[in-house]
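Asks: Dropping in data-v6.txt, with compact mmCIF, C-alpha atoms.
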```
# COMPACT_ATOMS: atom_id res chain seq x y z
CA MET A 1 65.86 133.15 -14.37
CA ILE A 2 62.91 134.39 -16.43
CA ASP A 3 62.96 136.23 -19.75
CA THR A 4 60.21 138.78 -19.12
CA HIS A 5 59.92 140.17 -22.66
CA SER A 6 60.51 138.17 -25.83
CA HIS A 7 58.96 138.31 -29.32
CA ILE A 8 60.35 135.00 -30.62
CA TYR A 9 57.07 134.25 -32.40
CA VAL A 10 57.76 136.89 -35.10
CA PRO A 11 58.70 135.74 -38.65
CA GLU A 12 62.39 136.52 -38.14
CA PHE A 13 62.56 133.49 -35.83
CA SER A 14 60.49 131.10 -37.94
CA GLU A 15 63.50 129.14 -39.20
CA ASP A 16 65.31 128.66 -35.90
CA VAL A 17 62.88 129.24 -33.03
CA ASP A 18 63.37 125.69 -31.71
CA ASP A 19 67.12 126.33 -31.53
CA VAL A 20 66.46 129.64 -29.77
CA VAL A 21 64.32 127.91 -27.15
CA ALA A 22 66.89 125.15 -26.71
CA ARG A 23 69.68 127.69 -26.18
CA ALA A 24 67.53 129.62 -23.70
CA ARG A 25 66.97 126.44 -21.69
CA GLN A 26 70.68 125.62 -21.76
CA ALA A 27 71.44 129.14 -20.52
CA GLY A 28 69.20 128.61 -17.49
CA ILE A 29 66.07 130.43 -18.64
CA GLU A 30 63.17 128.76 -16.82
CA ARG A 31 60.32 130.64 -18.51
CA ILE A 32 59.83 133.08 -21.36
CA PHE A 33 57.04 135.68 -21.30
CA MET A 34 55.82 136.88 -24.70
CA PRO A 35 53.92 140.14 -25.22
CA ASN A 36 51.68 140.38 -28.27
CA ILE A 37 52.06 143.09 -30.94
CA ASN A 38 49.00 143.14 -33.21
CA MET A 39 46.16 140.95 -34.47
CA GLN A 40 48.40 139.20 -36.99
CA SER A 41 50.80 138.07 -34.27
CA VAL A 42 48.17 136.51 -31.98
CA GLU A 43 47.96 133.07 -33.61
CA PRO A 44 51.73 132.64 -34.18
CA MET A 45 52.29 133.56 -30.52
CA LEU A 46 49.62 131.16 -29.27
CA ASP A 47 50.80 128.37 -31.58
CA LEU A 48 54.32 128.69 -30.19
CA CYS A 49 53.01 128.64 -26.62
CA ARG A 50 51.12 125.44 -27.41
CA ARG A 51 54.38 123.90 -28.66
CA TYR A 52 56.13 124.75 -25.39
CA PRO A 53 53.49 124.56 -22.63
CA GLY A 54 54.77 125.53 -19.21
CA TYR A 55 57.76 127.27 -20.78
CA LEU A 56 56.38 129.99 -23.06
CA TYR A 57 53.63 132.25 -21.67
CA PRO A 58 51.46 134.65 -23.74
CA MET A 59 50.27 138.18 -23.10
CA MET A 60 47.58 140.05 -25.01
CA GLY A 61 47.81 143.62 -26.16
CA LEU A 62 47.99 146.01 -29.09
CA HIS A 63 51.39 147.67 -29.47
CA PRO A 64 50.99 151.46 -29.81
CA GLU A 65 52.74 151.54 -33.19
CA ASP A 66 50.04 149.17 -34.47
CA VAL A 67 47.12 151.39 -33.42
CA LYS A 68 45.35 152.40 -36.65
CA GLU A 69 41.83 153.39 -37.75
CA ASP A 70 40.44 149.97 -36.83
CA TRP A 71 41.94 149.90 -33.31
CA ALA A 72 38.59 149.52 -31.52
CA GLU A 73 37.58 146.51 -33.62
CA VAL A 74 41.04 144.97 -33.11
CA LEU A 75 40.73 145.41 -29.34
CA ASP A 76 37.29 143.76 -29.40
CA ARG A 77 38.84 140.71 -31.05
CA MET A 78 41.79 140.69 -28.67
CA GLU A 79 39.61 141.05 -25.60
CA ALA A 80 37.81 137.85 -26.58
CA LYS A 81 41.17 136.06 -26.30
CA LEU A 82 42.22 137.34 -22.88
CA ASP A 83 41.52 134.08 -21.05
CA GLY A 84 44.76 132.29 -20.24
CA MET A 85 46.95 135.37 -20.68
CA ILE A 86 49.50 136.16 -17.97
CA ALA A 87 49.49 139.92 -18.60
CA VAL A 88 48.18 142.75 -20.79
CA GLY A 89 50.96 143.78 -23.12
CA GLU A 90 52.66 145.16 -24.98
CA VAL A 91 50.64 148.36 -24.66
CA GLY A 92 51.36 152.05 -24.21
CA LEU A 93 52.14 155.16 -26.26
CA ASP A 94 54.74 155.77 -28.97
CA PHE A 95 54.95 159.05 -30.88
CA TYR A 96 58.56 158.60 -32.02
CA TRP A 97 58.04 157.90 -35.74
CA ASP A 98 54.45 158.99 -36.22
CA SER A 99 51.84 160.71 -34.06
CA THR A 100 49.01 160.50 -36.61
CA PHE A 101 47.01 158.26 -34.28
CA ARG A 102 47.93 160.06 -31.08
CA LYS A 103 44.35 160.32 -29.78
CA GLU A 104 43.60 156.72 -30.77
CA GLN A 105 46.76 155.47 -29.04
CA ILE A 106 45.70 157.15 -25.80
CA GLU A 107 42.18 155.72 -26.02
CA ALA A 108 43.50 152.23 -26.84
CA PHE A 109 45.98 152.39 -23.97
CA GLU A 110 43.31 153.39 -21.47
CA ARG A 111 41.00 150.61 -22.65
CA GLN A 112 43.78 148.08 -22.14
CA ILE A 113 44.53 149.51 -18.69
CA CYS A 114 40.90 148.69 -17.91
CA TRP A 115 41.46 145.07 -19.05
CA ALA A 116 44.33 144.79 -16.59
CA ARG A 117 42.29 146.27 -13.76
CA GLU A 118 39.17 144.18 -14.44
CA ARG A 119 41.10 140.90 -14.77
CA ASP A 120 43.76 141.64 -12.16
CA LEU A 121 46.57 141.21 -14.70
CA PRO A 122 49.94 142.99 -14.85
CA LEU A 123 50.54 145.61 -17.55
CA VAL A 124 53.60 145.66 -19.80
CA VAL A 125 53.91 149.32 -20.78
CA HIS A 126 55.83 150.68 -23.77
CA MET A 127 56.61 154.41 -23.90
CA ARG A 128 58.61 156.38 -26.44
CA LYS A 129 58.43 160.14 -26.99
CA ALA A 130 55.11 160.18 -25.13
CA GLU A 131 56.08 160.75 -21.52
CA PRO A 132 53.54 163.46 -20.51
CA GLU A 133 50.59 161.73 -22.16
CA LEU A 134 51.44 158.28 -20.80
CA LEU A 135 52.00 159.51 -17.26
CA GLU A 136 48.73 161.47 -17.39
CA ALA A 137 46.89 158.32 -18.50
CA MET A 138 48.51 156.33 -15.72
CA GLU A 139 47.59 159.01 -13.17
CA ARG A 140 43.93 158.70 -14.15
CA HIS A 141 44.10 155.04 -13.06
CA LYS A 142 46.50 155.36 -10.14
CA SER A 143 44.07 154.13 -7.50
CA ASP A 144 43.10 151.03 -9.46
CA GLY A 145 45.69 148.70 -7.92
CA LEU A 146 47.58 148.28 -11.18
CA ARG A 147 50.94 146.52 -11.37
CA GLY A 148 53.43 145.73 -14.09
CA VAL A 149 56.56 146.79 -15.92
CA PHE A 150 57.54 150.02 -17.64
CA HIS A 151 59.34 148.20 -20.44
CA CYS A 152 62.66 149.42 -21.83
CA PHE A 153 62.91 152.42 -19.51
CA GLY A 154 65.41 155.05 -20.60
CA GLY A 155 64.19 158.23 -18.96
CA SER A 156 65.34 160.73 -16.40
CA LYS A 157 65.47 160.56 -12.62
CA GLU A 158 62.32 162.69 -12.52
CA THR A 159 60.46 160.37 -14.90
CA ALA A 160 61.55 157.33 -12.92
CA ALA A 161 60.27 158.93 -9.72
CA ARG A 162 56.89 159.66 -11.29
CA MET A 163 56.60 156.13 -12.67
CA LEU A 164 57.56 154.53 -9.40
CA LYS A 165 54.81 156.41 -7.59
CA HIS A 166 52.75 153.58 -9.09
CA GLU A 167 53.64 151.15 -6.33
CA GLY A 168 52.96 147.95 -8.24
CA PHE A 169 55.33 148.83 -11.07
CA VAL A 170 59.00 148.20 -11.80
CA LEU A 171 61.32 149.66 -14.44
CA GLY A 172 62.51 147.35 -17.21
CA ILE A 173 66.19 148.13 -17.86
CA GLY A 174 67.86 146.97 -21.07
CA GLY A 175 71.06 147.45 -23.01
CA VAL A 176 70.67 151.25 -23.20
CA VAL A 177 72.24 151.42 -19.74
CA THR A 178 75.57 150.32 -21.30
CA PHE A 179 75.67 153.03 -24.00
CA LYS A 180 78.46 155.56 -23.51
CA ASN A 181 76.17 158.56 -24.05
CA SER A 182 73.38 157.16 -21.86
CA ARG A 183 72.55 158.88 -18.57
CA LEU A 184 70.51 155.90 -17.44
CA ALA A 185 73.19 154.50 -15.13
CA GLU A 186 73.15 157.75 -13.17
CA THR A 187 69.34 157.72 -13.03
CA LEU A 188 69.36 154.19 -11.63
CA ARG A 189 71.52 155.25 -8.69
CA HIS A 190 68.31 156.77 -7.34
CA VAL A 191 66.19 153.63 -7.86
CA SER A 192 65.94 150.75 -5.40
CA LEU A 193 67.03 147.39 -6.84
CA ASP A 194 63.69 145.85 -5.93
CA ARG A 195 62.04 148.24 -8.42
CA ILE A 196 64.17 147.08 -11.38
CA VAL A 197 63.81 144.19 -13.82
CA LEU A 198 66.68 143.50 -16.20
CA GLU A 199 65.76 143.10 -19.89
CA THR A 200 67.96 142.00 -22.77
```
Please express the file's structure as structure tokens.

Replies:
Amino acid sequence: MIDTHSHIYVPEFSEDVDDVVARARQAGIERIFMPNINMQSVEPMLDLCRRYPGYLYPMMGLHPEDVKEDWAEVLDRMEAKLDGMIAVGEVGLDFYWDSTFRKEQIEAFERQICWARERDLPLVVHMRKAEPELLEAMERHKSDGLRGVFHCFGGSKETAARMLKHEGFVLGIGGVVTFKNSRLAETLRHVSLDRIVLET
């Protein structure tokens, strides 16, 4: 069993991360994949991976909520650290709280899509309140042989169908599927099991 999406390098885990890793191992987790968030999280993530080689695996990306005025400079610095990464992530579009940097988010996402294509790495894609823009960006790169995960999927049957037209991608399904007011369980009736990854 693999944990495909964990941020245990963030400060909230600084006091007990060794216990978290020990419990994960006891529970049968064989590997933990860790997507990056921003420039400040790169070194804590890499430090933790060095502490647990062969168990914790890093990804590189700029989370859409962390795209600000300096996004291009941040991506330059991140790109220099791509060697040894297992994926490009966590990247995507998020206009839920703030769409001030809408244009910049789209540009940053497309640049990181190019990283994945050029280095033949999977993409871990975050999307919230940005469905049309994200799907349009993905369509522009549809023939590029991309693969990856649409993380924390919670959309409609129609959105799932559009996402799964990208043959190398799966839907990441988390706890939302258990919510009483969620329609996700019904959506998933129309999705093949081999196109789903469970997320906690």

Asks: Tell me which of A:Met138, A:Leu93, A:Ala185, A:Cys152 sits closest to Glu167 of chain A, counting all atoms listed in the file.

Replies: A:Met138

Asks: Taking (58.6, 164.1, -14.2) in the file's coordinates, which residues come within 12 Å, counting all atoms listed in the file, written as a list of chain:residue names?

Replies: A:Glu131, A:Pro132, A:Glu133, A:Leu134, A:Leu135, A:Glu136, A:Gly155, A:Ser156, A:Lys157, A:Glu158, A:Thr159, A:Ala160, A:Ala161, A:Arg162, A:Met163, A:Leu164, A:Lys165

Asks: Out of A:Asp194, A:Glu65, A:Asp144, A:Trp71, which residue has the shortest atom-to-atom distance to Tyr96 of chain A when counting only C-alpha atoms?

Replies: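 Of A:Asp194, A:Glu65, A:Asp144, A:Trp71, the one nearest Tyr96 of chain A is A:Glu65, counting only C-alpha atoms.
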
Asks: Counting all atoms listed in the file, which residues sit no farther than 12 Å from the position (62.2, 146.5, -15.3) in the file's frame? I'd like them as a VMD selection string.

Replies: chain A and resid 3 to 5 123 to 126 147 to 154 160 163 to 164 168 to 175 188 191 to 200

Asks: Name all residues at most 7 Å from Arg31 of chain A (count all atoms listed in the file; drop same-chain ones fewer than 6 positions away) and give them as a list in words.

Replies: Ile2, Asp3, Tyr55 and Leu56 of chain A

Asks: Using only C-alpha atoms for the distances, tell me which of A:Ser99, A:Ser41, A:Gln105, A:Asn36 is nearest to Ala87 of chain A.

Replies: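 Once distances to Ala87 of chain A are computed over only C-alpha atoms, the minimum belongs to A:Asn36.
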
Asks: Work out how far apart atom CA of Val21 of chain A and atom CA of Asp47 of chain A are and give it in Å to one decimal.

Replies: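 Computing it gives 14.2 Å between the two atoms.
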
Asks: When you count all atoms listed in the file, which of these residues is closest to Ile8 of chain A: A:Ala72, A:Ile113, A:Ala27, A:Ile32?

Replies: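 The shortest atom-to-atom distance to Ile8 of chain A comes from A:Ile32.
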